[in-house]
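One file, final_16.txt, is given below (compact mmCIF, C-alpha atoms and all ligand atoms).
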# COMPACT_ATOMS: atom_id res chain seq x y z
CA MET S 1 250.58 83.01 -45.62
CA ALA S 2 251.74 80.36 -43.18
CA ILE S 3 250.50 78.51 -40.14
CA MET S 4 252.93 78.42 -37.22
CA VAL S 5 253.12 75.09 -35.38
CA THR S 6 254.88 75.35 -32.03
CA GLY S 7 256.15 71.99 -30.83
CA GLY S 8 256.00 70.71 -34.40
CA ALA S 9 258.84 68.27 -33.67
CA GLY S 10 256.82 66.59 -30.93
CA TYR S 11 254.45 63.66 -31.15
CA ILE S 12 251.12 65.32 -31.96
CA GLY S 13 252.77 68.41 -33.48
CA SER S 14 254.71 66.39 -36.07
CA HIS S 15 251.60 64.49 -37.16
CA THR S 16 249.61 67.72 -37.45
CA THR S 17 252.41 69.45 -39.39
CA ASP S 18 252.51 66.48 -41.76
CA ARG S 19 248.74 66.64 -42.30
CA LEU S 20 248.75 70.42 -42.86
CA ILE S 21 251.46 70.04 -45.49
CA GLU S 22 249.59 67.18 -47.15
CA GLN S 23 246.71 69.65 -47.49
CA GLY S 24 248.93 72.17 -49.26
CA GLN S 25 249.37 74.51 -46.29
CA ASP S 26 252.59 76.50 -45.82
CA VAL S 27 253.90 75.60 -42.33
CA VAL S 28 256.46 77.24 -40.03
CA VAL S 29 257.61 74.96 -37.20
CA VAL S 30 259.01 76.35 -33.95
CA ASP S 31 260.56 73.86 -31.53
CA ASN S 32 263.41 73.91 -28.99
CA LEU S 33 264.12 70.21 -29.67
CA LEU S 34 264.30 69.53 -25.95
CA THR S 35 261.91 66.61 -26.28
CA GLY S 36 261.06 66.81 -29.99
CA HIS S 37 262.87 65.24 -32.93
CA ARG S 38 264.13 67.16 -35.94
CA ALA S 39 263.64 63.98 -38.00
CA ALA S 40 259.91 64.00 -37.19
CA VAL S 41 259.34 67.35 -38.90
CA ASN S 42 258.06 67.24 -42.46
CA ALA S 43 260.88 68.55 -44.67
CA LYS S 44 258.49 70.83 -46.57
CA SER S 45 258.01 73.03 -43.51
CA ARG S 46 260.33 75.88 -42.47
CA PHE S 47 261.99 75.07 -39.17
CA TYR S 48 263.09 77.50 -36.43
CA GLU S 49 264.88 76.10 -33.40
CA GLY S 50 264.25 78.09 -30.23
CA ASP S 51 262.31 78.43 -27.01
CA LEU S 52 258.96 80.20 -26.73
CA ARG S 53 260.08 81.96 -23.58
CA ASP S 54 262.76 83.68 -25.67
CA ARG S 55 260.80 86.79 -26.70
CA ALA S 56 263.45 88.07 -29.12
CA PHE S 57 263.56 84.73 -30.92
CA LEU S 58 259.79 84.50 -31.25
CA ASN S 59 259.55 88.10 -32.45
CA ARG S 60 262.12 87.37 -35.15
CA VAL S 61 260.09 84.46 -36.46
CA PHE S 62 256.89 86.51 -36.56
CA ASP S 63 258.77 89.37 -38.27
CA GLN S 64 260.25 87.06 -40.87
CA GLU S 65 257.19 84.99 -41.71
CA GLU S 66 253.63 85.88 -42.69
CA ILE S 67 251.80 83.97 -40.01
CA THR S 68 248.00 83.89 -40.19
CA GLY S 69 247.35 81.44 -37.36
CA VAL S 70 249.14 79.43 -34.71
CA VAL S 71 248.70 75.82 -33.61
CA HIS S 72 250.39 75.54 -30.24
CA PHE S 73 251.66 72.20 -28.93
CA ALA S 74 254.99 73.19 -27.39
CA ALA S 75 255.97 72.57 -23.79
CA ASN S 76 253.41 69.84 -23.37
CA SER S 77 255.22 67.62 -20.97
CA LEU S 78 254.31 64.85 -18.60
CA VAL S 79 251.93 64.40 -15.69
CA ALA S 80 254.54 62.66 -13.54
CA GLU S 81 257.09 65.41 -14.18
CA SER S 82 254.55 68.07 -13.29
CA MET S 83 253.85 66.41 -9.93
CA ALA S 84 257.55 66.39 -9.07
CA GLN S 85 258.39 69.96 -10.16
CA PRO S 86 255.21 72.03 -10.40
CA LEU S 87 256.86 75.46 -10.49
CA LYS S 88 259.32 74.52 -13.19
CA TYR S 89 256.40 73.09 -15.06
CA PHE S 90 254.28 76.25 -14.81
CA ASP S 91 257.25 78.32 -15.92
CA ASN S 92 257.70 76.17 -18.98
CA ASN S 93 254.05 75.75 -19.96
CA ASP S 94 252.32 78.90 -18.81
CA TYR S 95 255.08 81.45 -19.14
CA GLY S 96 255.86 80.22 -22.67
CA PHE S 97 252.17 80.57 -23.51
CA ILE S 98 252.00 84.15 -22.24
CA VAL S 99 254.98 85.12 -24.41
CA LEU S 100 253.32 83.46 -27.39
CA LEU S 101 250.00 85.27 -26.80
CA GLU S 102 251.70 88.63 -26.39
CA THR S 103 253.81 88.15 -29.50
CA MET S 104 250.77 87.10 -31.52
CA ILE S 105 248.83 90.18 -30.38
CA ALA S 106 251.80 92.46 -31.15
CA HIS S 107 251.91 91.03 -34.69
CA ASP S 108 248.14 91.14 -35.12
CA VAL S 109 247.87 87.34 -35.45
CA LYS S 110 244.50 86.56 -33.91
CA GLN S 111 243.81 82.87 -34.54
CA LEU S 112 245.07 80.24 -32.13
CA VAL S 113 244.43 76.51 -31.73
CA PHE S 114 246.09 74.97 -28.70
CA SER S 115 246.41 71.70 -26.81
CA SER S 116 244.44 71.41 -23.64
CA THR S 117 243.73 68.17 -21.85
CA ALA S 118 241.31 65.81 -20.18
CA ALA S 119 243.46 66.40 -17.11
CA THR S 120 241.77 69.82 -16.67
CA PHE S 121 238.72 67.88 -15.41
CA GLY S 122 240.53 65.88 -12.72
CA GLU S 123 238.36 63.25 -11.03
CA ALA S 124 235.04 64.02 -12.77
CA LYS S 125 231.88 62.81 -11.04
CA GLU S 126 230.02 61.72 -14.16
CA MET S 127 231.03 60.04 -17.40
CA PRO S 128 231.24 60.87 -20.19
CA ILE S 129 232.93 64.20 -19.58
CA THR S 130 231.31 67.02 -21.57
CA GLU S 131 232.34 70.65 -22.04
CA GLU S 132 229.97 71.49 -19.17
CA THR S 133 231.72 69.18 -16.67
CA PRO S 134 233.44 71.23 -13.93
CA GLN S 135 237.20 71.57 -14.44
CA ILE S 136 238.97 70.65 -11.19
CA PRO S 137 242.47 69.35 -12.00
CA THR S 138 244.23 66.86 -9.72
CA ASN S 139 247.76 67.54 -10.98
CA PRO S 140 249.85 70.56 -12.04
CA TYR S 141 249.73 69.35 -15.64
CA GLY S 142 245.95 69.79 -15.75
CA GLU S 143 246.21 73.01 -13.78
CA SER S 144 248.74 74.50 -16.19
CA LYS S 145 246.41 73.79 -19.12
CA LEU S 146 243.36 75.17 -17.33
CA VAL S 147 245.29 78.38 -16.69
CA MET S 148 246.14 78.52 -20.41
CA GLU S 149 242.44 78.30 -21.27
CA LYS S 150 241.84 81.26 -18.95
CA PHE S 151 244.74 83.30 -20.37
CA ALA S 152 243.33 82.73 -23.84
CA HIS S 153 239.87 83.78 -22.70
CA TRP S 154 241.17 87.14 -21.42
CA ALA S 155 243.32 87.67 -24.51
CA ASP S 156 240.10 87.37 -26.50
CA VAL S 157 238.14 89.73 -24.24
CA ALA S 158 240.87 92.37 -24.28
CA ASN S 159 242.53 91.88 -27.67
CA GLY S 160 240.11 89.93 -29.85
CA LEU S 161 242.47 86.97 -30.10
CA ARG S 162 240.20 84.08 -31.08
CA TRP S 163 241.13 80.59 -29.95
CA VAL S 164 240.10 76.95 -29.88
CA ALA S 165 241.23 74.76 -26.99
CA LEU S 166 241.27 71.06 -27.84
CA ARG S 167 241.13 68.90 -24.74
CA TYR S 168 242.66 65.62 -25.73
CA PHE S 169 241.94 62.46 -23.88
CA ASN S 170 244.58 59.74 -24.38
CA VAL S 171 246.40 60.10 -27.67
CA ALA S 172 247.88 57.01 -29.28
CA GLY S 173 248.95 55.49 -32.60
CA ALA S 174 251.10 56.75 -35.44
CA LYS S 175 250.81 57.74 -39.09
CA ALA S 176 249.71 54.53 -40.83
CA ASP S 177 252.79 54.27 -43.05
CA GLY S 178 255.03 54.12 -39.95
CA SER S 179 257.12 57.12 -41.06
CA ILE S 180 256.44 59.17 -37.92
CA GLY S 181 255.34 58.07 -34.46
CA GLU S 182 255.59 58.46 -30.71
CA ASP S 183 259.08 58.68 -29.19
CA HIS S 184 259.37 60.14 -25.69
CA HIS S 185 262.50 59.91 -23.52
CA PRO S 186 261.84 58.50 -21.06
CA GLU S 187 258.66 56.90 -22.34
CA THR S 188 255.87 57.08 -19.76
CA HIS S 189 252.74 56.44 -21.83
CA LEU S 190 250.93 53.16 -21.56
CA ILE S 191 250.63 52.00 -25.18
CA PRO S 192 254.26 52.62 -26.23
CA ILE S 193 255.44 50.94 -23.03
CA VAL S 194 253.17 47.95 -23.64
CA LEU S 195 254.61 47.69 -27.16
CA GLN S 196 258.17 47.89 -25.81
CA VAL S 197 257.30 44.85 -23.70
CA ALA S 198 255.79 43.15 -26.77
CA SER S 199 258.97 43.75 -28.78
CA GLY S 200 261.21 42.47 -25.97
CA LYS S 201 262.76 45.85 -25.19
CA ARG S 202 261.29 45.77 -21.68
CA ALA S 203 260.84 42.67 -19.54
CA LYS S 204 257.37 43.46 -18.23
CA LEU S 205 254.73 46.11 -17.76
CA GLN S 206 253.93 47.64 -14.40
CA ILE S 207 250.27 48.57 -14.12
CA PHE S 208 249.94 51.50 -11.73
CA GLY S 209 247.13 50.53 -9.36
CA GLY S 210 244.73 47.60 -9.30
CA ASP S 211 242.30 48.89 -6.69
CA TYR S 212 240.57 51.77 -8.48
CA PRO S 213 236.74 51.94 -8.46
CA THR S 214 236.54 50.56 -12.03
CA PRO S 215 235.24 47.17 -13.29
CA ASP S 216 238.67 45.47 -13.16
CA GLY S 217 240.37 47.80 -10.67
CA THR S 218 242.70 49.45 -13.22
CA ASN S 219 242.38 52.99 -14.63
CA VAL S 220 240.05 53.55 -17.56
CA ARG S 221 241.09 55.88 -20.38
CA ASP S 222 239.62 57.05 -23.69
CA TYR S 223 242.06 56.60 -26.60
CA VAL S 224 242.10 58.80 -29.70
CA HIS S 225 244.25 58.24 -32.77
CA VAL S 226 246.90 60.88 -33.37
CA MET S 227 245.85 61.37 -37.04
CA ASP S 228 242.26 61.98 -35.94
CA LEU S 229 243.61 64.60 -33.54
CA ALA S 230 245.64 66.14 -36.35
CA ASP S 231 242.41 66.44 -38.36
CA ALA S 232 240.68 68.11 -35.40
CA HIS S 233 243.36 70.83 -35.34
CA ILE S 234 242.88 71.53 -39.03
CA LEU S 235 239.09 71.70 -38.59
CA ALA S 236 239.61 74.07 -35.64
CA LEU S 237 241.72 76.36 -37.85
CA ASP S 238 238.96 76.28 -40.50
CA TYR S 239 236.45 77.12 -37.78
CA LEU S 240 238.45 80.20 -36.71
CA GLN S 241 239.07 81.23 -40.31
CA ALA S 242 235.30 81.14 -40.86
CA GLY S 243 235.01 83.81 -38.17
CA HIS S 244 233.46 81.76 -35.36
CA GLU S 245 233.86 82.56 -31.69
CA SER S 246 236.45 81.14 -29.29
CA ASN S 247 235.55 77.68 -28.05
CA ALA S 248 236.75 74.55 -26.27
CA PHE S 249 236.16 70.96 -27.36
CA ASN S 250 236.72 67.57 -25.75
CA LEU S 251 238.28 65.03 -28.10
CA GLY S 252 237.75 61.39 -27.27
CA SER S 253 235.81 58.39 -28.50
CA ALA S 254 233.18 58.06 -25.75
CA THR S 255 234.60 54.61 -25.06
CA GLY S 256 236.85 53.72 -22.16
CA PHE S 257 239.44 50.95 -21.98
CA SER S 258 240.98 49.79 -18.74
CA ASN S 259 244.74 49.34 -18.57
CA LEU S 260 244.17 45.56 -18.52
CA GLU S 261 241.99 45.80 -21.62
CA ILE S 262 244.82 47.65 -23.36
CA VAL S 263 247.18 44.78 -22.54
CA LYS S 264 244.65 42.33 -23.95
CA ALA S 265 244.19 44.35 -27.16
CA ALA S 266 247.97 44.68 -27.57
CA ARG S 267 248.36 40.91 -27.15
CA ALA S 268 245.82 40.42 -29.95
CA VAL S 269 247.64 42.89 -32.24
CA THR S 270 251.20 41.70 -31.58
CA GLY S 271 250.75 38.02 -30.68
CA ALA S 272 253.23 38.60 -27.84
CA PRO S 273 252.53 37.47 -24.26
CA ILE S 274 253.14 40.93 -22.63
CA PRO S 275 253.70 39.99 -18.97
CA TYR S 276 252.60 42.54 -16.37
CA GLU S 277 252.43 43.08 -12.61
CA ILE S 278 250.16 45.31 -10.57
CA ALA S 279 252.24 48.04 -8.92
CA ALA S 280 251.46 51.02 -6.67
CA ARG S 281 249.15 53.78 -7.89
CA ARG S 282 250.80 56.70 -9.69
CA PRO S 283 250.05 59.94 -7.79
CA GLY S 284 247.66 62.30 -9.58
CA ASP S 285 246.00 59.65 -11.80
CA PRO S 286 242.20 60.02 -12.00
CA SER S 287 240.50 56.62 -12.03
CA THR S 288 238.38 57.10 -15.17
CA LEU S 289 238.47 59.55 -18.08
CA ILE S 290 235.96 59.18 -20.91
CA ALA S 291 235.03 62.04 -23.23
CA SER S 292 231.88 62.99 -25.01
CA SER S 293 232.96 64.49 -28.34
CA GLU S 294 229.49 65.35 -29.55
CA LYS S 295 230.24 69.05 -29.55
CA ALA S 296 233.37 68.60 -31.71
CA ARG S 297 231.43 66.36 -34.09
CA LYS S 298 228.58 68.84 -34.36
CA VAL S 299 230.40 72.17 -34.41
CA LEU S 300 233.76 71.29 -35.99
CA HIS S 301 232.33 68.42 -38.08
CA TRP S 302 235.03 66.21 -36.62
CA ALA S 303 234.68 62.63 -37.88
CA PRO S 304 237.40 60.44 -36.38
CA LYS S 305 238.39 57.54 -38.63
CA TYR S 306 239.84 55.21 -36.00
CA ASP S 307 237.08 53.75 -33.84
CA ASP S 308 238.76 50.50 -32.88
CA ILE S 309 241.42 50.21 -30.18
CA GLU S 310 243.19 47.34 -31.96
CA LYS S 311 243.51 49.44 -35.12
CA ILE S 312 244.97 52.29 -33.08
CA ILE S 313 247.47 49.98 -31.39
CA ALA S 314 248.31 48.38 -34.76
CA THR S 315 249.56 51.71 -36.15
CA ALA S 316 251.71 52.25 -33.05
CA TRP S 317 253.02 48.67 -33.50
CA THR S 318 253.99 49.38 -37.13
CA TRP S 319 255.97 52.39 -35.91
CA THR S 320 257.58 50.45 -33.02
CA GLN S 321 258.67 47.65 -35.31
CA SER S 322 260.08 49.90 -38.01
CA HIS S 323 261.84 52.19 -35.45
CA PRO S 324 262.94 49.90 -32.59
CA GLU S 325 265.19 52.66 -31.21
CA GLY S 326 262.79 55.49 -32.03
CA TYR S 327 264.09 58.40 -34.10
CA ALA S 328 267.76 58.28 -34.99
CA ASP S 329 268.55 61.69 -33.46
CA LYS S 330 267.95 60.78 -29.80
O1 LIG S 401 253.97 52.07 -17.31
C1 LIG S 401 252.80 52.47 -17.20
C2 LIG S 401 252.34 53.67 -17.82
C3 LIG S 401 251.03 54.05 -17.62
N1 LIG S 401 250.20 53.29 -16.87
C4 LIG S 401 248.80 53.70 -16.68
O2 LIG S 401 248.22 53.81 -17.95
C5 LIG S 401 247.19 54.79 -17.94
C6 LIG S 401 247.49 55.79 -19.01
O3 LIG S 401 248.67 56.50 -18.66
P1 LIG S 401 249.44 57.44 -19.65
O4 LIG S 401 249.62 56.75 -20.94
O5 LIG S 401 250.64 57.97 -18.94
O6 LIG S 401 248.42 58.60 -19.91
P2 LIG S 401 247.69 59.54 -18.83
O7 LIG S 401 248.42 59.71 -17.59
O8 LIG S 401 246.29 59.06 -18.75
O9 LIG S 401 247.85 60.96 -19.50
C7 LIG S 401 247.68 61.12 -20.86
O10 LIG S 401 246.39 61.51 -21.03
C8 LIG S 401 246.09 62.76 -20.47
C9 LIG S 401 244.63 63.00 -20.62
O11 LIG S 401 243.92 61.92 -20.14
C10 LIG S 401 246.91 63.77 -21.22
O12 LIG S 401 246.55 65.03 -20.80
C11 LIG S 401 248.35 63.49 -20.96
O13 LIG S 401 249.13 64.39 -21.69
C12 LIG S 401 248.69 62.11 -21.39
O14 LIG S 401 249.98 61.80 -20.93
C13 LIG S 401 247.20 55.40 -16.52
O15 LIG S 401 246.25 54.73 -15.77
C14 LIG S 401 248.58 55.04 -16.01
O16 LIG S 401 248.63 54.92 -14.60
C15 LIG S 401 250.64 52.12 -16.28
O17 LIG S 401 249.88 51.43 -15.59
N2 LIG S 401 251.93 51.74 -16.48
Mind converting the file's structure to structure tokens?
Amino acid sequence: MAIMVTGGAGYIGSHTTDRLIEQGQDVVVVDNLLTGHRAAVNAKSRFYEGDLRDRAFLNRVFDQEEITGVVHFAANSLVAESMAQPLKYFDNNDYGFIVLLETMIAHDVKQLVFSSTAATFGEAKEMPITEETPQIPTNPYGESKLVMEKFAHWADVANGLRWVALRYFNVAGAKADGSIGEDHHPETHLIPIVLQVASGKRAKLQIFGGDYPTPDGTNVRDYVHVMDLADAHILALDYLQAGHESNAFNLGSATGFSNLEIVKAARAVTGAPIPYEIAARRPGDPSTLIASSEKARKVLHWAPKYDDIEKIIATAWTWTQSHPEGYADK
């Protein structure tokens, strides 16, 4: 009896795999290693290298393993990339998801937890964003995830495939012991870039936009620690195993930090000056994203442990310092 983790070599997938194994769960990881790292995958899992869009490959894994549920992270790429190549992006994200759903149904695997995103809400009118807030994405990344939520809905209606969509806000941090962490190529996320500046790997930070309708003019985001997210996935699996209905949850901290506040917090953590300049806005960026996670707390009993932005950044800093070049494989 195993849990399949797609994208288990990626940032959030590797932390969740690690946590599942810590809890004694048997884990099968599927990853095409396009952006993931083999070295990030807990060695106690069974690893299959391949692409979700490859039906024959996926069928083989389901035939070979006794999968009871799937946690799907794979093909979760970047906002900027999705703006530049939307069709390629939909092919990767949405087509891969359809193949996964169909293969699950064919093998009578009916429990699915998958990554959705704050980006499905776009430029929300009111903060914090709840599960009732209208979903109107402003970029293909958010759109691709919204479509996945709808695919899952119809797979439930027609085939009884029960699912939980977890809409992450901004994920950050690393496992506290620094053994696994965030390593994207190229890196586009704010906190790892800020820490690259702190460690001298980059000369300065560019802050994308200083004229947003926020208190200091820079974007406001809600940061969640990656280990707290990992816990949420495990609770979502428990929720499905207990027989509950399909559901979607927002995962954030109800607190927003502006990009300038992140720089300030990172200066406090690292003691480095972290020079920055205000640059042009990045297309597709909503000005503010803050989540209400009351539903996840109530229904999933999610109790995030990291409630302090400096503590979150400190774990990412431990990882950055111990792995200045990231994982050794890329
Ligand atoms: O060099 C940089 C990098 C980022 N930013 C800004 O920092 C903020 C955060 O950006 P980033 O770390 O790229 O995260 P988001 O674009 O907010 O997107 C993240 O958060 C989304 C939900 O909010 C998730 O869905 C995405 O997967 C995840 O990449 C934004 O205002 C960016 O414009 C900069 O100013 N300079």
In Å, rounded to a single decimal, give me how far atom CA of Leu190 of chain S is from atom CA of Asp91 of chain S. 26.5 Å
Any chance you could tabulate, as CSV, the residues of chain S at most 8 Å from ligand LIG 401 (chain S) with each one's nearest atom pair and distance in Å to one decimal, using only C-alpha atoms and all ligand atoms, in chain and rising number order?
residue,atom,partner,partner_atom,distance
S:Asn76,CA,S:LIG401,O13,7.1
S:Ser77,CA,S:LIG401,O13,6.9
S:Leu78,CA,S:LIG401,O14,5.8
S:Val79,CA,S:LIG401,O7,6.2
S:Ala80,CA,S:LIG401,O7,7.9
S:Ser116,CA,S:LIG401,O12,7.3
S:Thr117,CA,S:LIG401,O12,4.3
S:Ala118,CA,S:LIG401,C9,4.4
S:Ala119,CA,S:LIG401,O12,5.0
S:Thr120,CA,S:LIG401,O12,7.9
S:Tyr141,CA,S:LIG401,O12,7.4
S:Gly142,CA,S:LIG401,O12,7.0
S:Arg167,CA,S:LIG401,O12,7.7
S:Tyr168,CA,S:LIG401,C9,6.1
S:Phe169,CA,S:LIG401,C9,4.3
S:Asn170,CA,S:LIG401,O10,4.2
S:Val171,CA,S:LIG401,O10,6.8
S:Thr188,CA,S:LIG401,C2,5.3
S:His189,CA,S:LIG401,O4,3.3
S:Leu190,CA,S:LIG401,O4,3.9
S:Ile191,CA,S:LIG401,O4,6.4
S:Ile193,CA,S:LIG401,O1,6.0
S:Val194,CA,S:LIG401,O1,7.6
S:Leu205,CA,S:LIG401,O1,6.0
S:Gln206,CA,S:LIG401,N2,5.0
S:Ile207,CA,S:LIG401,O17,3.2
S:Phe208,CA,S:LIG401,O17,3.9
S:Gly209,CA,S:LIG401,O17,6.9
S:Thr218,CA,S:LIG401,O15,6.9
S:Asn219,CA,S:LIG401,O15,4.4
S:Val220,CA,S:LIG401,O15,6.6
S:Arg221,CA,S:LIG401,O8,6.3
S:Asp222,CA,S:LIG401,O11,7.4
S:Ser258,CA,S:LIG401,O15,7.8
S:Asn259,CA,S:LIG401,O2,5.7
S:Ile278,CA,S:LIG401,O17,7.9
S:Ala279,CA,S:LIG401,O17,7.8
S:Arg281,CA,S:LIG401,O16,6.8
S:Arg282,CA,S:LIG401,O16,5.7
S:Asp285,CA,S:LIG401,O16,6.1
S:Pro286,CA,S:LIG401,O15,7.7
S:Ser287,CA,S:LIG401,O15,7.1
S:Leu289,CA,S:LIG401,O11,6.3
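With all atoms listed in the file as the atoms that count, the minimum distance from Ala172 of chain S to the choices S:Ile312, S:Val197, S:Leu87, S:Met104 is reached by S:Ile312.
For the pair atom CA of Met148 of chain S and atom CA of Phe90 of chain S, the interatomic distance is 10.1 Å.
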When you draw a straight line from atom CA of Thr103 of chain S to atom CA of Pro140 of chain S, how long is it in Å?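 Separation between atom CA of Thr103 of chain S and atom CA of Pro140 of chain S: 25.1 Å.
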Looking at only C-alpha atoms, which of S:Ala74, S:Ala296, S:Ile105, S:Val226 is the one that sits closest to Asn92 of chain S?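 Using only C-alpha atoms, the shortest distance to Asn92 of chain S belongs to S:Ala74.
When all atoms listed in the file are used to compute distances to Ile290 of chain S, the closest of the residues S:Ala254, S:Met1, S:Leu52, S:Met83 turns out to be S:Ala254.
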Please determine, counting all atoms listed in the file, which residue among S:Ala230, S:Ala316, S:Ala174, S:Ala280 has the shortest atom-to-atom distance to Glu22 of chain S. S:Ala230
Would you list the residues near (241.2, 70.9, -23.0), meaning any protein, DNA or RNA residue with an atom at most 12 Å from that point in file coordinates, counting only C-alpha atoms, as a PDB file with C-alpha atoms, in the frame of the given file?
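Saved the output as point-v8.pdb:
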ATOM      1  CA  VAL S 113     244.430  76.510 -31.730  1.00  0.00           C
ATOM      2  CA  PHE S 114     246.090  74.970 -28.700  1.00  0.00           C
ATOM      3  CA  SER S 115     246.410  71.700 -26.810  1.00  0.00           C
ATOM      4  CA  SER S 116     244.440  71.410 -23.640  1.00  0.00           C
ATOM      5  CA  THR S 117     243.730  68.170 -21.850  1.00  0.00           C
ATOM      6  CA  ALA S 118     241.310  65.810 -20.180  1.00  0.00           C
ATOM      7  CA  ALA S 119     243.460  66.400 -17.110  1.00  0.00           C
ATOM      8  CA  THR S 120     241.770  69.820 -16.670  1.00  0.00           C
ATOM      9  CA  PHE S 121     238.720  67.880 -15.410  1.00  0.00           C
ATOM     10  CA  GLY S 122     240.530  65.880 -12.720  1.00  0.00           C
ATOM     11  CA  ILE S 129     232.930  64.200 -19.580  1.00  0.00           C
ATOM     12  CA  THR S 130     231.310  67.020 -21.570  1.00  0.00           C
ATOM     13  CA  GLU S 131     232.340  70.650 -22.040  1.00  0.00           C
ATOM     14  CA  GLU S 132     229.970  71.490 -19.170  1.00  0.00           C
ATOM     15  CA  THR S 133     231.720  69.180 -16.670  1.00  0.00           C
ATOM     16  CA  PRO S 134     233.440  71.230 -13.930  1.00  0.00           C
ATOM     17  CA  GLN S 135     237.200  71.570 -14.440  1.00  0.00           C
ATOM     18  CA  PRO S 137     242.470  69.350 -12.000  1.00  0.00           C
ATOM     19  CA  TYR S 141     249.730  69.350 -15.640  1.00  0.00           C
ATOM     20  CA  GLY S 142     245.950  69.790 -15.750  1.00  0.00           C
ATOM     21  CA  GLU S 143     246.210  73.010 -13.780  1.00  0.00           C
ATOM     22  CA  SER S 144     248.740  74.500 -16.190  1.00  0.00           C
ATOM     23  CA  LYS S 145     246.410  73.790 -19.120  1.00  0.00           C
ATOM     24  CA  LEU S 146     243.360  75.170 -17.330  1.00  0.00           C
ATOM     25  CA  VAL S 147     245.290  78.380 -16.690  1.00  0.00           C
ATOM     26  CA  MET S 148     246.140  78.520 -20.410  1.00  0.00           C
ATOM     27  CA  GLU S 149     242.440  78.300 -21.270  1.00  0.00           C
ATOM     28  CA  LYS S 150     241.840  81.260 -18.950  1.00  0.00           C
ATOM     29  CA  TRP S 163     241.130  80.590 -29.950  1.00  0.00           C
ATOM     30  CA  VAL S 164     240.100  76.950 -29.880  1.00  0.00           C
ATOM     31  CA  ALA S 165     241.230  74.760 -26.990  1.00  0.00           C
ATOM     32  CA  LEU S 166     241.270  71.060 -27.840  1.00  0.00           C
ATOM     33  CA  ARG S 167     241.130  68.900 -24.740  1.00  0.00           C
ATOM     34  CA  TYR S 168     242.660  65.620 -25.730  1.00  0.00           C
ATOM     35  CA  PHE S 169     241.940  62.460 -23.880  1.00  0.00           C
ATOM     36  CA  ASN S 170     244.580  59.740 -24.380  1.00  0.00           C
ATOM     37  CA  ASN S 247     235.550  77.680 -28.050  1.00  0.00           C
ATOM     38  CA  ALA S 248     236.750  74.550 -26.270  1.00  0.00           C
ATOM     39  CA  PHE S 249     236.160  70.960 -27.360  1.00  0.00           C
ATOM     40  CA  ASN S 250     236.720  67.570 -25.750  1.00  0.00           C
ATOM     41  CA  LEU S 251     238.280  65.030 -28.100  1.00  0.00           C
ATOM     42  CA  GLY S 252     237.750  61.390 -27.270  1.00  0.00           C
ATOM     43  CA  ALA S 291     235.030  62.040 -23.230  1.00  0.00           C
ATOM     44  CA  SER S 293     232.960  64.490 -28.340  1.00  0.00           C
ATOM     45  CA  ALA S 296     233.370  68.600 -31.710  1.00  0.00           C
TER      46      ALA S 296
END
Restricting the calculation to only C-alpha atoms, which member of S:Gly50, S:Gly271, S:Gly24, S:Gly96 is positioned closest to Ala198 of chain S?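 Checking each of S:Gly50, S:Gly271, S:Gly24, S:Gly96 against Ala198 of chain S, counting only C-alpha atoms, the winner is S:Gly271.
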So which one's closest to Ala124 of chain S, S:Asp216, S:Ile136, S:Gly69, S:Ser14? Using all atoms listed in the file, please.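 Comparing S:Asp216, S:Ile136, S:Gly69, S:Ser14 against Ala124 of chain S, the winner is S:Ile136.
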Show which residues sit within 6 Å of Val27 of chain S, as a list in words. Count all atoms listed in the file, and ignore same-chain residues fewer than 2 positions away.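 What passes the distance filter is Ala2, Ile3, Met4 and Ser45 of chain S.
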Could you pull the residues within 10 Å of Val61 of chain S, counting only C-alpha atoms, minus those fewer than 3 positions along the same chain, as a PyMOL selection string? chain S and resi 4+28-30+47-48+50+56-58+64-67
Rebuild N, CA and C atoms on segment 63-70 of chain S, as a JSON list (two decimals), in the frame of the given file?
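Generated file (rebuild.json):
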[["chain", "number", "residue", "atom", "x", "y", "z"],
["S", 63, "ASP", "N", 258.37, 88.30, -37.35],
["S", 63, "ASP", "CA", 258.77, 89.37, -38.27],
["S", 63, "ASP", "C", 259.10, 88.81, -39.65],
["S", 64, "GLN", "N", 259.73, 87.64, -39.63],
["S", 64, "GLN", "CA", 260.25, 87.06, -40.87],
["S", 64, "GLN", "C", 259.18, 86.37, -41.70],
["S", 65, "GLU", "N", 258.18, 85.82, -41.04],
["S", 65, "GLU", "CA", 257.19, 84.99, -41.71],
["S", 65, "GLU", "C", 255.84, 85.70, -41.72],
["S", 66, "GLU", "N", 255.00, 85.35, -42.70],
["S", 66, "GLU", "CA", 253.63, 85.88, -42.69],
["S", 66, "GLU", "C", 252.70, 84.87, -42.06],
["S", 67, "ILE", "N", 252.59, 84.95, -40.75],
["S", 67, "ILE", "CA", 251.80, 83.97, -40.01],
["S", 67, "ILE", "C", 250.34, 84.43, -39.94],
["S", 68, "THR", "N", 249.42, 83.52, -40.29],
["S", 68, "THR", "CA", 248.00, 83.89, -40.19],
["S", 68, "THR", "C", 247.34, 83.23, -38.98],
["S", 69, "GLY", "N", 247.91, 82.13, -38.52],
["S", 69, "GLY", "CA", 247.35, 81.44, -37.36],
["S", 69, "GLY", "C", 248.40, 80.57, -36.72],
["S", 70, "VAL", "N", 248.16, 80.23, -35.45],
["S", 70, "VAL", "CA", 249.14, 79.43, -34.71],
["S", 70, "VAL", "C", 248.45, 78.18, -34.17]]
